[in-house]
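J.: What follows is run-v7.cif, mmCIF, N, CA and C atoms.
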```cif
data_data
loop_
_atom_site.group_PDB
_atom_site.id
_atom_site.type_symbol
_atom_site.label_atom_id
_atom_site.label_comp_id
_atom_site.auth_asym_id
_atom_site.auth_seq_id
_atom_site.Cartn_x
_atom_site.Cartn_y
_atom_site.Cartn_z
ATOM 1 N N MET S 1 -22.505 146.240 -24.372
ATOM 2 C CA MET S 1 -21.153 145.916 -24.781
ATOM 3 C C MET S 1 -21.189 144.941 -25.946
ATOM 4 N N ARG S 2 -20.289 145.119 -26.848
ATOM 5 C CA ARG S 2 -20.190 144.316 -28.058
ATOM 6 C C ARG S 2 -19.648 142.924 -27.744
ATOM 7 N N GLU S 3 -20.320 141.903 -28.238
ATOM 8 C CA GLU S 3 -19.879 140.536 -27.989
ATOM 9 C C GLU S 3 -18.727 140.124 -28.890
ATOM 10 N N GLN S 4 -18.743 140.583 -30.131
ATOM 11 C CA GLN S 4 -17.720 140.163 -31.077
ATOM 12 C C GLN S 4 -17.247 141.370 -31.881
ATOM 13 N N ALA S 5 -15.945 141.533 -31.972
ATOM 14 C CA ALA S 5 -15.378 142.656 -32.726
ATOM 15 C C ALA S 5 -15.544 142.418 -34.219
ATOM 16 N N ILE S 6 -15.711 143.510 -34.963
ATOM 17 C CA ILE S 6 -15.810 143.400 -36.411
ATOM 18 C C ILE S 6 -14.453 143.700 -37.045
ATOM 19 N N ASN S 7 -14.296 143.286 -38.274
ATOM 20 C CA ASN S 7 -13.062 143.541 -39.020
ATOM 21 C C ASN S 7 -13.230 144.821 -39.825
ATOM 22 N N ILE S 8 -12.378 145.796 -39.524
ATOM 23 C CA ILE S 8 -12.452 147.123 -40.127
ATOM 24 C C ILE S 8 -11.197 147.382 -40.941
ATOM 25 N N LEU S 9 -11.383 147.861 -42.155
ATOM 26 C CA LEU S 9 -10.260 148.211 -43.024
ATOM 27 C C LEU S 9 -10.215 149.726 -43.191
ATOM 28 N N ILE S 10 -9.031 150.292 -42.997
ATOM 29 C CA ILE S 10 -8.796 151.708 -43.264
ATOM 30 C C ILE S 10 -7.903 151.787 -44.489
ATOM 31 N N ILE S 11 -8.384 152.463 -45.516
ATOM 32 C CA ILE S 11 -7.612 152.647 -46.745
ATOM 33 C C ILE S 11 -7.195 154.111 -46.788
ATOM 34 N N GLU S 12 -5.915 154.353 -46.551
ATOM 35 C CA GLU S 12 -5.405 155.714 -46.403
ATOM 36 C C GLU S 12 -3.913 155.722 -46.710
ATOM 37 N N ASP S 13 -3.470 156.674 -47.541
ATOM 38 C CA ASP S 13 -2.052 156.738 -47.892
ATOM 39 C C ASP S 13 -1.250 157.680 -46.993
ATOM 40 N N ASP S 14 -1.910 158.487 -46.190
ATOM 41 C CA ASP S 14 -1.213 159.399 -45.290
ATOM 42 C C ASP S 14 -1.008 158.712 -43.935
ATOM 43 N N ALA S 15 0.238 158.581 -43.513
ATOM 44 C CA ALA S 15 0.575 157.826 -42.301
ATOM 45 C C ALA S 15 -0.064 158.408 -41.044
ATOM 46 N N LEU S 16 -0.046 159.730 -40.902
ATOM 47 C CA LEU S 16 -0.612 160.347 -39.700
ATOM 48 C C LEU S 16 -2.127 160.156 -39.646
ATOM 49 N N THR S 17 -2.803 160.367 -40.749
ATOM 50 C CA THR S 17 -4.251 160.164 -40.800
ATOM 51 C C THR S 17 -4.590 158.707 -40.516
ATOM 52 N N MET S 18 -3.806 157.796 -41.057
ATOM 53 C CA MET S 18 -4.010 156.369 -40.808
ATOM 54 C C MET S 18 -3.893 156.071 -39.313
ATOM 55 N N GLN S 19 -2.869 156.599 -38.687
ATOM 56 C CA GLN S 19 -2.621 156.354 -37.266
ATOM 57 C C GLN S 19 -3.773 156.898 -36.403
ATOM 58 N N ILE S 20 -4.229 158.093 -36.707
ATOM 59 C CA ILE S 20 -5.333 158.698 -35.950
ATOM 60 C C ILE S 20 -6.608 157.874 -36.109
ATOM 61 N N ASN S 21 -6.934 157.522 -37.342
ATOM 62 C CA ASN S 21 -8.142 156.722 -37.590
ATOM 63 C C ASN S 21 -8.059 155.363 -36.912
ATOM 64 N N ARG S 22 -6.906 154.761 -36.969
ATOM 65 C CA ARG S 22 -6.710 153.454 -36.330
ATOM 66 C C ARG S 22 -6.960 153.542 -34.830
ATOM 67 N N LYS S 23 -6.418 154.578 -34.219
ATOM 68 C CA LYS S 23 -6.585 154.754 -32.777
ATOM 69 C C LYS S 23 -8.054 154.991 -32.424
ATOM 70 N N MET S 24 -8.736 155.818 -33.203
ATOM 71 C CA MET S 24 -10.144 156.120 -32.924
ATOM 72 C C MET S 24 -11.057 154.912 -33.130
ATOM 73 N N LEU S 25 -10.744 154.070 -34.101
ATOM 74 C CA LEU S 25 -11.613 152.936 -34.434
ATOM 75 C C LEU S 25 -11.291 151.650 -33.676
ATOM 76 N N SER S 26 -10.119 151.574 -33.070
ATOM 77 C CA SER S 26 -9.684 150.326 -32.433
ATOM 78 C C SER S 26 -10.630 149.785 -31.352
ATOM 79 N N PRO S 27 -11.365 150.619 -30.623
ATOM 80 C CA PRO S 27 -12.302 150.036 -29.654
ATOM 81 C C PRO S 27 -13.470 149.280 -30.301
ATOM 82 N N TYR S 28 -13.676 149.471 -31.589
ATOM 83 C CA TYR S 28 -14.844 148.908 -32.250
ATOM 84 C C TYR S 28 -14.577 147.621 -33.029
ATOM 85 N N GLY S 29 -13.327 147.242 -33.156
ATOM 86 C CA GLY S 29 -13.047 146.018 -33.889
ATOM 87 C C GLY S 29 -11.570 145.834 -34.168
ATOM 88 N N LYS S 30 -11.286 144.809 -34.938
ATOM 89 C CA LYS S 30 -9.912 144.536 -35.362
ATOM 90 C C LYS S 30 -9.631 145.405 -36.588
ATOM 91 N N ILE S 31 -8.543 146.153 -36.528
ATOM 92 C CA ILE S 31 -8.231 147.122 -37.569
ATOM 93 C C ILE S 31 -7.170 146.580 -38.524
ATOM 94 N N TYR S 32 -7.456 146.712 -39.809
ATOM 95 C CA TYR S 32 -6.501 146.396 -40.869
ATOM 96 C C TYR S 32 -6.245 147.695 -41.626
ATOM 97 N N CYS S 33 -5.045 147.846 -42.138
ATOM 98 C CA CYS S 33 -4.691 149.088 -42.832
ATOM 99 C C CYS S 33 -4.081 148.788 -44.198
ATOM 100 N N ALA S 34 -4.485 149.597 -45.174
ATOM 101 C CA ALA S 34 -3.941 149.498 -46.533
ATOM 102 C C ALA S 34 -3.534 150.888 -46.984
ATOM 103 N N ARG S 35 -2.312 151.003 -47.491
ATOM 104 C CA ARG S 35 -1.815 152.297 -47.967
ATOM 105 C C ARG S 35 -1.822 152.410 -49.482
ATOM 106 N N THR S 36 -2.052 151.305 -50.169
ATOM 107 C CA THR S 36 -2.076 151.310 -51.634
ATOM 108 C C THR S 36 -3.334 150.593 -52.123
ATOM 109 N N ASP S 37 -3.670 150.819 -53.385
ATOM 110 C CA ASP S 37 -4.826 150.132 -53.952
ATOM 111 C C ASP S 37 -4.589 148.626 -54.042
ATOM 112 N N ILE S 38 -3.353 148.200 -54.221
ATOM 113 C CA ILE S 38 -3.045 146.763 -54.291
ATOM 114 C C ILE S 38 -3.310 146.102 -52.940
ATOM 115 N N GLU S 39 -2.822 146.712 -51.855
ATOM 116 C CA GLU S 39 -3.077 146.181 -50.520
ATOM 117 C C GLU S 39 -4.578 146.170 -50.225
ATOM 118 N N ALA S 40 -5.249 147.253 -50.561
ATOM 119 C CA ALA S 40 -6.687 147.361 -50.308
ATOM 120 C C ALA S 40 -7.463 146.287 -51.064
ATOM 121 N N THR S 41 -7.091 146.040 -52.315
ATOM 122 C CA THR S 41 -7.761 145.014 -53.117
ATOM 123 C C THR S 41 -7.642 143.646 -52.459
ATOM 124 N N GLU S 42 -6.479 143.341 -51.925
ATOM 125 C CA GLU S 42 -6.279 142.051 -51.240
ATOM 126 C C GLU S 42 -7.208 141.920 -50.041
ATOM 127 N N TYR S 43 -7.274 142.951 -49.212
ATOM 128 C CA TYR S 43 -8.155 142.917 -48.044
ATOM 129 C C TYR S 43 -9.622 142.846 -48.449
ATOM 130 N N LEU S 44 -10.022 143.672 -49.410
ATOM 131 C CA LEU S 44 -11.428 143.710 -49.819
ATOM 132 C C LEU S 44 -11.880 142.404 -50.459
ATOM 133 N N SER S 45 -10.962 141.692 -51.058
ATOM 134 C CA SER S 45 -11.279 140.422 -51.714
ATOM 135 C C SER S 45 -11.181 139.227 -50.773
ATOM 136 N N SER S 46 -10.664 139.441 -49.569
ATOM 137 C CA SER S 46 -10.400 138.338 -48.645
ATOM 138 C C SER S 46 -11.654 137.710 -48.054
ATOM 139 N N GLY S 47 -12.749 138.451 -48.032
ATOM 140 C CA GLY S 47 -13.973 137.920 -47.449
ATOM 141 C C GLY S 47 -14.083 138.122 -45.950
ATOM 142 N N SER S 48 -13.098 138.765 -45.326
ATOM 143 C CA SER S 48 -13.127 138.924 -43.876
ATOM 144 C C SER S 48 -13.458 140.341 -43.408
ATOM 145 N N ILE S 49 -13.439 141.308 -44.306
ATOM 146 C CA ILE S 49 -13.685 142.700 -43.935
ATOM 147 C C ILE S 49 -15.191 142.980 -43.937
ATOM 148 N N GLU S 50 -15.661 143.659 -42.876
ATOM 149 C CA GLU S 50 -17.082 143.986 -42.762
ATOM 150 C C GLU S 50 -17.368 145.473 -42.938
ATOM 151 N N LEU S 51 -16.390 146.307 -42.632
ATOM 152 C CA LEU S 51 -16.547 147.751 -42.689
ATOM 153 C C LEU S 51 -15.249 148.349 -43.218
ATOM 154 N N ALA S 52 -15.351 149.298 -44.150
ATOM 155 C CA ALA S 52 -14.146 149.910 -44.716
ATOM 156 C C ALA S 52 -14.297 151.422 -44.776
ATOM 157 N N PHE S 53 -13.217 152.109 -44.417
ATOM 158 C CA PHE S 53 -13.132 153.560 -44.515
ATOM 159 C C PHE S 53 -12.178 153.891 -45.651
ATOM 160 N N PHE S 54 -12.619 154.742 -46.569
ATOM 161 C CA PHE S 54 -11.887 154.999 -47.800
ATOM 162 C C PHE S 54 -11.379 156.422 -47.922
ATOM 163 N N ASP S 55 -10.119 156.550 -48.310
ATOM 164 C CA ASP S 55 -9.597 157.790 -48.861
ATOM 165 C C ASP S 55 -9.701 157.585 -50.372
ATOM 166 N N LEU S 56 -10.367 158.478 -51.066
ATOM 167 C CA LEU S 56 -10.555 158.302 -52.513
ATOM 168 C C LEU S 56 -9.288 158.543 -53.308
ATOM 169 N N ASN S 57 -8.445 159.430 -52.825
ATOM 170 C CA ASN S 57 -7.235 159.815 -53.545
ATOM 171 C C ASN S 57 -6.028 159.130 -52.894
ATOM 172 N N LEU S 58 -5.564 158.055 -53.527
ATOM 173 C CA LEU S 58 -4.412 157.320 -53.012
ATOM 174 C C LEU S 58 -3.197 157.602 -53.876
ATOM 175 N N ASN S 59 -2.187 158.163 -53.258
ATOM 176 C CA ASN S 59 -0.924 158.464 -53.946
ATOM 177 C C ASN S 59 -1.139 159.248 -55.243
ATOM 178 N N GLY S 60 -2.035 160.244 -55.187
ATOM 179 C CA GLY S 60 -2.258 161.125 -56.331
ATOM 180 C C GLY S 60 -3.218 160.608 -57.380
ATOM 181 N N GLU S 61 -3.801 159.451 -57.166
ATOM 182 C CA GLU S 61 -4.741 158.866 -58.125
ATOM 183 C C GLU S 61 -6.086 158.632 -57.449
ATOM 184 N N LEU S 62 -7.180 158.783 -58.173
ATOM 185 C CA LEU S 62 -8.511 158.538 -57.619
ATOM 186 C C LEU S 62 -8.881 157.056 -57.686
ATOM 187 N N THR S 63 -8.029 156.202 -57.169
ATOM 188 C CA THR S 63 -8.264 154.759 -57.214
ATOM 189 C C THR S 63 -9.287 154.294 -56.185
ATOM 190 N N GLY S 64 -9.604 155.145 -55.211
ATOM 191 C CA GLY S 64 -10.592 154.782 -54.212
ATOM 192 C C GLY S 64 -11.966 154.497 -54.796
ATOM 193 N N ILE S 65 -12.290 155.125 -55.912
ATOM 194 C CA ILE S 65 -13.584 154.896 -56.570
ATOM 195 C C ILE S 65 -13.711 153.433 -56.999
ATOM 196 N N ASN S 66 -12.683 152.902 -57.640
ATOM 197 C CA ASN S 66 -12.706 151.497 -58.068
ATOM 198 C C ASN S 66 -12.755 150.554 -56.871
ATOM 199 N N LEU S 67 -12.072 150.930 -55.800
ATOM 200 C CA LEU S 67 -12.077 150.103 -54.596
ATOM 201 C C LEU S 67 -13.467 150.071 -53.960
ATOM 202 N N LEU S 68 -14.171 151.192 -54.022
ATOM 203 C CA LEU S 68 -15.537 151.229 -53.496
ATOM 204 C C LEU S 68 -16.424 150.233 -54.222
ATOM 205 N N ASN S 69 -16.268 150.144 -55.518
ATOM 206 C CA ASN S 69 -17.059 149.195 -56.303
ATOM 207 C C ASN S 69 -16.746 147.758 -55.889
ATOM 208 N N LEU S 70 -15.484 147.465 -55.654
ATOM 209 C CA LEU S 70 -15.090 146.125 -55.193
ATOM 210 C C LEU S 70 -15.709 145.831 -53.824
ATOM 211 N N ALA S 71 -15.711 146.816 -52.942
ATOM 212 C CA ALA S 71 -16.327 146.634 -51.626
ATOM 213 C C ALA S 71 -17.828 146.375 -51.768
ATOM 214 N N LYS S 72 -18.461 147.101 -52.670
ATOM 215 C CA LYS S 72 -19.904 146.920 -52.900
ATOM 216 C C LYS S 72 -20.194 145.500 -53.373
ATOM 217 N N ILE S 73 -19.389 145.013 -54.295
ATOM 218 C CA ILE S 73 -19.560 143.647 -54.809
ATOM 219 C C ILE S 73 -19.423 142.624 -53.682
ATOM 220 N N ASN S 74 -18.503 142.903 -52.739
ATOM 221 C CA ASN S 74 -18.249 141.986 -51.624
ATOM 222 C C ASN S 74 -19.115 142.278 -50.399
ATOM 223 N N LYS S 75 -20.119 143.155 -50.564
ATOM 224 C CA LYS S 75 -21.078 143.481 -49.502
ATOM 225 C C LYS S 75 -20.399 144.019 -48.237
ATOM 226 N N ILE S 76 -19.428 144.905 -48.449
ATOM 227 C CA ILE S 76 -18.713 145.548 -47.344
ATOM 228 C C ILE S 76 -19.288 146.949 -47.174
ATOM 229 N N TYR S 77 -19.713 147.265 -45.961
ATOM 230 C CA TYR S 77 -20.244 148.589 -45.685
ATOM 231 C C TYR S 77 -19.100 149.587 -45.834
ATOM 232 N N SER S 78 -19.307 150.649 -46.626
ATOM 233 C CA SER S 78 -18.217 151.562 -46.982
ATOM 234 C C SER S 78 -18.519 153.005 -46.589
ATOM 235 N N ILE S 79 -17.513 153.646 -46.010
ATOM 236 C CA ILE S 79 -17.595 155.044 -45.602
ATOM 237 C C ILE S 79 -16.412 155.782 -46.214
ATOM 238 N N VAL S 80 -16.692 156.917 -46.848
ATOM 239 C CA VAL S 80 -15.631 157.722 -47.453
ATOM 240 C C VAL S 80 -15.187 158.793 -46.459
ATOM 241 N N LEU S 81 -13.891 158.817 -46.176
ATOM 242 C CA LEU S 81 -13.239 159.857 -45.381
ATOM 243 C C LEU S 81 -12.127 160.398 -46.256
ATOM 244 N N SER S 82 -12.418 161.448 -46.982
ATOM 245 C CA SER S 82 -11.468 161.907 -47.978
ATOM 246 C C SER S 82 -11.478 163.421 -48.075
ATOM 247 N N GLY S 83 -10.353 163.972 -48.453
ATOM 248 C CA GLY S 83 -10.249 165.397 -48.691
ATOM 249 C C GLY S 83 -10.747 165.785 -50.074
ATOM 250 N N GLU S 84 -11.167 164.820 -50.845
ATOM 251 C CA GLU S 84 -11.668 165.081 -52.201
ATOM 252 C C GLU S 84 -12.948 165.894 -52.112
ATOM 253 N N SER S 85 -13.015 166.980 -52.858
ATOM 254 C CA SER S 85 -14.188 167.852 -52.757
ATOM 255 C C SER S 85 -14.948 168.040 -54.071
ATOM 256 N N ALA S 86 -14.481 167.460 -55.150
ATOM 257 C CA ALA S 86 -15.167 167.597 -56.437
ATOM 258 C C ALA S 86 -16.523 166.893 -56.374
ATOM 259 N N THR S 87 -17.567 167.624 -56.642
ATOM 260 C CA THR S 87 -18.927 167.094 -56.559
ATOM 261 C C THR S 87 -19.112 165.858 -57.426
ATOM 262 N N ALA S 88 -18.602 165.880 -58.644
ATOM 263 C CA ALA S 88 -18.750 164.731 -59.549
ATOM 264 C C ALA S 88 -18.089 163.482 -58.970
ATOM 265 N N THR S 89 -16.943 163.656 -58.352
ATOM 266 C CA THR S 89 -16.229 162.521 -57.749
ATOM 267 C C THR S 89 -17.006 161.965 -56.568
ATOM 268 N N LEU S 90 -17.537 162.840 -55.738
ATOM 269 C CA LEU S 90 -18.313 162.391 -54.579
ATOM 270 C C LEU S 90 -19.606 161.702 -55.007
ATOM 271 N N GLU S 91 -20.234 162.190 -56.060
ATOM 272 C CA GLU S 91 -21.430 161.533 -56.587
ATOM 273 C C GLU S 91 -21.094 160.148 -57.136
ATOM 274 N N GLU S 92 -19.959 160.047 -57.795
ATOM 275 C CA GLU S 92 -19.525 158.738 -58.311
ATOM 276 C C GLU S 92 -19.239 157.784 -57.157
ATOM 277 N N ALA S 93 -18.635 158.288 -56.081
ATOM 278 C CA ALA S 93 -18.371 157.461 -54.903
ATOM 279 C C ALA S 93 -19.682 156.929 -54.343
ATOM 280 N N TYR S 94 -20.692 157.779 -54.278
ATOM 281 C CA TYR S 94 -21.997 157.357 -53.784
ATOM 282 C C TYR S 94 -22.596 156.274 -54.685
ATOM 283 N N ARG S 95 -22.510 156.452 -55.986
ATOM 284 C CA ARG S 95 -23.038 155.454 -56.925
ATOM 285 C C ARG S 95 -22.281 154.124 -56.807
ATOM 286 N N ASN S 96 -21.015 154.181 -56.385
ATOM 287 C CA ASN S 96 -20.212 152.970 -56.264
ATOM 288 C C ASN S 96 -20.288 152.324 -54.888
ATOM 289 N N GLY S 97 -21.206 152.790 -54.054
ATOM 290 C CA GLY S 97 -21.444 152.075 -52.808
ATOM 291 C C GLY S 97 -21.124 152.788 -51.514
ATOM 292 N N ALA S 98 -20.652 154.013 -51.573
ATOM 293 C CA ALA S 98 -20.347 154.722 -50.317
ATOM 294 C C ALA S 98 -21.629 155.112 -49.617
#
```
Taking this structure as input, can you express it in the form of structure tokens?
T.:
Amino acid sequence: MREQAINILIIEDDALTMQINRKMLSPYGKIYCARTDIEATEYLSSGSIELAFFDLNLNGELTGINLLNLAKINKIYSIVLSGESATATLEEAYRNGA
């Protein structure tokens, strides 16, 4: 059994997907949610997030790539959960810390 919960950030603009992910991850830590790149930037810069799940395409823009780089700088373990399928985009996500 886990002694201390970790701080997990879910970055997702779709409300239903956010709700499902939140429910699935809640046993593993304290969950924070960001629906925009501005909200995500605040959480990623706060110094309290240890693990982040990313949707690369937020509100029609591929802003998740830049957020991944910010997470990498802040030493946040990052996982991409996205419907984005372009190989070049996924390779860029990997280079940016996913």
J.: Expand the PyMOL selection byres (((chain S and resi 13 and name CA) around 9) and name CA) into the explicit residue set it covers here, and present it as a list in words.
T.: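 Going through the file, the PyMOL selection byres (((chain S and resi 13 and name CA) around 9) and name CA) ends up selecting Ile11, Glu12, Asp14, Ala15, Thr17, Met18, Ala34, Arg35, Thr36, Asp55, Asn57, Leu58 and Asn59 of chain S.
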J.: Can you tell me how far CA of Gly29 (chain S) sits from CA of Ala5 (chain S), in Å to one decimal?
T.: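 Rounded to one decimal, the two atoms are 4.3 Å apart.
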J.: Identify all residues of region 5-98 of chain S in alpha helix (DSSP H) (DSSP on the backbone) and supply them as a PyMOL selection string.
T.: chain S and resi 15-25+37-45+64-73+87-95
J.: Using the chain letters and residue numbers of this document, give as a PyMOL selection string the residues selected by the PyMOL selection byres (((chain S and resi 56 and name CA) around 8) and name CA).
T.: chain S and resi 54-55+57-58+62-65+80-82+84
J.: For a quick check of your reading of the model, name the residues lying within 9 Å of the coordinate (-13.5, 143.5, -46.3), counting only C-alpha atoms, and write them as a ChimeraX atom specification.
T.: /S:7-9,40,42-52,71,74-77
J.: Starting from 6 Å padding per side, set up an axis-aligned box that covers all listed atoms of region 82-96 of chain S and hand over centre and edge lengths in Å, one decimal, as lines of an AutoDock Vina configuration file.
T.:
```
center_x = -16.6
center_y = 160.2
center_z = -53.3
size_x = 24.8
size_y = 27.7
size_z = 24.6
```
J.: Using all atoms listed in the file, which of S:Ile20, S:Leu67, S:Ile31, S:Ile10 sits nearest Asn96 (chain S)?
T.: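 The answer is S:Leu67, which sits nearest to Asn96 (chain S).
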J.: Please indicate the distance in Å from atom N of Ala98 (chain S) to atom N of Asn69 (chain S), rounded to one decimal place.
T.: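 Taking atom N of Ala98 (chain S) as the start and atom N of Asn69 (chain S) as the end point, the length is 7.1 Å.
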J.: What does the structure give for the distance between CA of Leu16 (chain S) and atom N of Glu91 (chain S), in Å to one decimal?
T.: 25.6 Å
J.: For each of S:Ser26, S:Ser78, S:Thr41, S:Thr87, take the minimum atom-to-atom distance to Phe53 (chain S), counting all atoms listed in the file, then give the residue where this is smallest.
T.: S:Ser78
J.: Give me every strand (DSSP E or B) residue in chain S, going by DSSP on the backbone, as an MDAnalysis selection string.
T.: chainID S and resid 6:11 29:34 51:54 58 61 77:80
J.: Supply region 53-62 of chain S as a short mmCIF file (atom, residue, chain, number, x, y, z; two decimals), in the frame of the given file, with all heavy atoms built in where the input has gaps.
T.:
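Wrote it out as result.cif, contents follow:
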```
data_model
loop_
_atom_site.label_atom_id
_atom_site.label_comp_id
_atom_site.auth_asym_id
_atom_site.auth_seq_id
_atom_site.Cartn_x
_atom_site.Cartn_y
_atom_site.Cartn_z
N PHE S 53 -13.22 152.11 -44.42
CA PHE S 53 -13.13 153.56 -44.52
C PHE S 53 -12.18 153.89 -45.65
O PHE S 53 -11.05 153.39 -45.67
CB PHE S 53 -12.62 154.16 -43.20
CG PHE S 53 -13.62 154.05 -42.08
CD1 PHE S 53 -13.71 152.90 -41.32
CD2 PHE S 53 -14.47 155.09 -41.80
CE1 PHE S 53 -14.63 152.79 -40.30
CE2 PHE S 53 -15.40 155.00 -40.78
CZ PHE S 53 -15.48 153.84 -40.02
N PHE S 54 -12.62 154.74 -46.57
CA PHE S 54 -11.89 155.00 -47.80
C PHE S 54 -11.38 156.42 -47.92
O PHE S 54 -12.13 157.38 -47.72
CB PHE S 54 -12.80 154.77 -49.02
CG PHE S 54 -13.15 153.34 -49.26
CD1 PHE S 54 -14.13 152.73 -48.54
CD2 PHE S 54 -12.48 152.63 -50.24
CE1 PHE S 54 -14.46 151.40 -48.77
CE2 PHE S 54 -12.80 151.31 -50.49
CZ PHE S 54 -13.79 150.70 -49.75
N ASP S 55 -10.12 156.55 -48.31
CA ASP S 55 -9.60 157.79 -48.86
C ASP S 55 -9.70 157.58 -50.37
O ASP S 55 -9.21 156.58 -50.89
CB ASP S 55 -8.14 157.99 -48.44
CG ASP S 55 -7.52 159.25 -49.01
OD1 ASP S 55 -8.24 160.05 -49.64
OD2 ASP S 55 -6.31 159.43 -48.84
N LEU S 56 -10.37 158.48 -51.07
CA LEU S 56 -10.56 158.30 -52.51
C LEU S 56 -9.29 158.54 -53.31
O LEU S 56 -9.07 157.95 -54.35
CB LEU S 56 -11.66 159.23 -53.02
CG LEU S 56 -13.05 158.97 -52.46
CD1 LEU S 56 -14.03 159.99 -53.02
CD2 LEU S 56 -13.50 157.56 -52.75
N ASN S 57 -8.44 159.43 -52.82
CA ASN S 57 -7.24 159.82 -53.54
C ASN S 57 -6.03 159.13 -52.89
O ASN S 57 -5.54 159.57 -51.87
CB ASN S 57 -7.08 161.33 -53.50
CG ASN S 57 -6.00 161.83 -54.41
OD1 ASN S 57 -5.02 161.14 -54.67
ND2 ASN S 57 -6.16 163.04 -54.89
N LEU S 58 -5.56 158.06 -53.53
CA LEU S 58 -4.41 157.32 -53.01
C LEU S 58 -3.20 157.60 -53.88
O LEU S 58 -3.21 157.32 -55.07
CB LEU S 58 -4.69 155.81 -52.99
CG LEU S 58 -5.81 155.35 -52.08
CD1 LEU S 58 -6.07 153.87 -52.29
CD2 LEU S 58 -5.48 155.64 -50.64
N ASN S 59 -2.19 158.16 -53.26
CA ASN S 59 -0.92 158.46 -53.95
C ASN S 59 -1.14 159.25 -55.24
O ASN S 59 -0.55 158.95 -56.28
CB ASN S 59 -0.15 157.18 -54.20
CG ASN S 59 0.17 156.45 -52.91
OD1 ASN S 59 0.71 157.05 -51.99
ND2 ASN S 59 -0.17 155.18 -52.83
N GLY S 60 -2.04 160.24 -55.19
CA GLY S 60 -2.26 161.12 -56.33
C GLY S 60 -3.22 160.61 -57.38
O GLY S 60 -3.44 161.26 -58.39
N GLU S 61 -3.80 159.45 -57.17
CA GLU S 61 -4.74 158.87 -58.12
C GLU S 61 -6.09 158.63 -57.45
O GLU S 61 -6.14 158.28 -56.28
CB GLU S 61 -4.22 157.51 -58.64
CG GLU S 61 -2.87 157.58 -59.32
CD GLU S 61 -2.95 158.18 -60.71
OE1 GLU S 61 -3.99 158.01 -61.36
OE2 GLU S 61 -1.97 158.81 -61.11
N LEU S 62 -7.18 158.78 -58.17
CA LEU S 62 -8.51 158.54 -57.62
C LEU S 62 -8.88 157.06 -57.69
O LEU S 62 -9.94 156.68 -58.19
CB LEU S 62 -9.56 159.38 -58.36
CG LEU S 62 -9.61 160.84 -57.98
CD1 LEU S 62 -10.57 161.60 -58.88
CD2 LEU S 62 -10.00 161.01 -56.53
#
```
